[in-house]
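**Q** One structure is given below, represented as structure tokens, and several questions about it will come after.
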Amino acid sequence: DVQLQASGGGEVQPGGSLRLSCAASGFAFSDYTMSWFRQAPGEKPEWVSSIGRAGGTGIYADSVKGRFTTSRDNAKNTLYLQMDSLKPEDTAVYYCTRQSDFGSRGQGTLVTVSS
């Protein structure tokens, strides 16, 4: 079974940082582009970023560009999202997905940005 489990969320003040991780199992991780999505309460899911199979430079939504950095470690089957200069509007449950398929998401992790 495909499993994607995000972790690393929490409560942080505006301007703070968090690093999310996503542990993947049940498929050949290095064969897939991976993505991050987020969903705020009462809102539709929002694509955040994607990264290619070999890693390198990711692509980002305008809302997070310059503040978030995605990376991956194929040896550890793990995807990361470094979030800096966090804003209250970044508050959401964050999910990792295989390719850009929101339906493939597993357990998310809640990020709350509040003073």
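Ordering of the structure tokens sets the chain letters (A, B, ...); residue numbers start at 1 within each chain; ligands are numbered from 1 in the order shown.
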For Asp31 (chain A), find every residue with an atom within 12 Å (counting only C-alpha atoms), except residues of its own chain fewer than 5 positions away, and show them as a list in words.

**A**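 Residues near the query, excluding close chain neighbours: Ile51, Gly52, Arg53, Ala54, Gly55, Asn74, Asn77, Arg98 and Gln99 of chain A.
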
**Q** Let me see the file: selected residues, all heavy atoms, as a CSV table (one decimal), in the first residue's frame.

**A**
```csv
chain,number,residue,atom,x,y,z
A,51,ILE,N,8.6,18.8,-6.7
A,51,ILE,CA,10.1,18.6,-6.9
A,51,ILE,C,10.2,17.4,-7.8
A,51,ILE,O,9.5,16.4,-7.6
A,51,ILE,CB,10.8,18.5,-5.6
A,51,ILE,CG1,12.3,18.5,-5.9
A,51,ILE,CG2,10.4,17.3,-4.8
A,51,ILE,CD1,13.2,18.6,-4.6
A,52,GLY,N,11.1,17.4,-8.7
A,52,GLY,CA,11.3,16.3,-9.7
A,52,GLY,C,11.9,15.1,-9.0
A,52,GLY,O,12.3,15.1,-7.9
A,53,ARG,N,12.0,14.0,-9.8
A,53,ARG,CA,12.4,12.7,-9.3
A,53,ARG,C,13.8,12.7,-8.7
A,53,ARG,O,14.1,12.1,-7.7
A,53,ARG,CB,12.3,11.7,-10.4
A,53,ARG,CG,10.9,11.3,-10.8
A,53,ARG,CD,10.9,10.4,-12.0
A,53,ARG,NE,11.5,11.0,-13.2
A,53,ARG,CZ,11.7,10.3,-14.3
A,53,ARG,NH1,11.3,9.0,-14.4
A,53,ARG,NH2,12.2,10.9,-15.4
A,54,ALA,N,14.7,13.5,-9.3
A,54,ALA,CA,16.1,13.5,-8.8
A,54,ALA,C,16.4,14.6,-7.8
A,54,ALA,O,17.5,14.8,-7.4
A,54,ALA,CB,17.1,13.7,-10.0
A,55,GLY,N,15.3,15.4,-7.5
A,55,GLY,CA,15.5,16.5,-6.6
A,55,GLY,C,15.9,17.8,-7.3
A,55,GLY,O,15.4,18.0,-8.4
A,74,ASN,N,16.2,10.6,-1.6
A,74,ASN,CA,15.7,9.4,-2.2
A,74,ASN,C,16.2,8.1,-1.4
A,74,ASN,O,15.6,7.1,-1.4
A,74,ASN,CB,16.0,9.3,-3.7
A,74,ASN,CG,15.2,10.2,-4.5
A,74,ASN,OD1,14.1,10.7,-4.0
A,74,ASN,ND2,15.6,10.5,-5.7
A,77,ASN,N,13.7,7.8,1.3
A,77,ASN,CA,12.3,7.9,0.9
A,77,ASN,C,11.6,9.0,1.6
A,77,ASN,O,10.4,8.8,2.1
A,77,ASN,CB,11.6,6.5,1.1
A,77,ASN,CG,12.1,5.5,0.2
A,77,ASN,OD1,12.8,5.7,-0.8
A,77,ASN,ND2,11.7,4.2,0.4
A,98,ARG,N,1.9,12.1,-4.1
A,98,ARG,CA,2.7,11.6,-5.2
A,98,ARG,C,2.3,12.3,-6.5
A,98,ARG,O,1.1,12.5,-6.8
A,98,ARG,CB,2.4,10.1,-5.4
A,98,ARG,CG,3.4,9.3,-6.2
A,98,ARG,CD,3.2,7.8,-6.0
A,98,ARG,NE,1.9,7.3,-6.4
A,98,ARG,CZ,1.6,6.0,-6.5
A,98,ARG,NH1,2.6,5.1,-6.1
A,98,ARG,NH2,0.5,5.6,-7.0
A,99,GLN,N,3.2,12.8,-7.2
A,99,GLN,CA,3.0,13.7,-8.4
A,99,GLN,C,2.2,14.9,-7.9
A,99,GLN,O,2.5,15.4,-6.8
A,99,GLN,CB,2.4,12.9,-9.5
A,99,GLN,CG,3.4,11.8,-10.0
A,99,GLN,CD,2.8,11.0,-11.1
A,99,GLN,OE1,1.6,10.6,-11.1
A,99,GLN,NE2,3.7,10.7,-12.1
```

**Q** Write out as a PDB file with C-alpha atoms, in the first residue's frame each polymer residue whose atoms come within 9 Å of Val2 (chain A), counting only C-alpha atoms; drop sequence neighbours fewer than 3 positions from it.

**A**
```pdb
ATOM      1  CA  ALA A  24       6.936   7.570   1.890  1.00  0.00           C
ATOM      2  CA  SER A  25       6.525   3.815   1.565  1.00  0.00           C
ATOM      3  CA  GLY A  26       4.856   1.213  -0.621  1.00  0.00           C
ATOM      4  CA  PHE A  27       6.124   2.538  -3.945  1.00  0.00           C
ATOM      5  CA  SER A 104      -2.871  10.272  -3.045  1.00  0.00           C
ATOM      6  CA  GLY A 106      -1.873  10.440   3.440  1.00  0.00           C
TER       7      GLY A 106
END
```

**Q** Out of region 74-107 of chain A, which residues get strand (DSSP E or B) from DSSP, as a count of residues only?

**A** 14
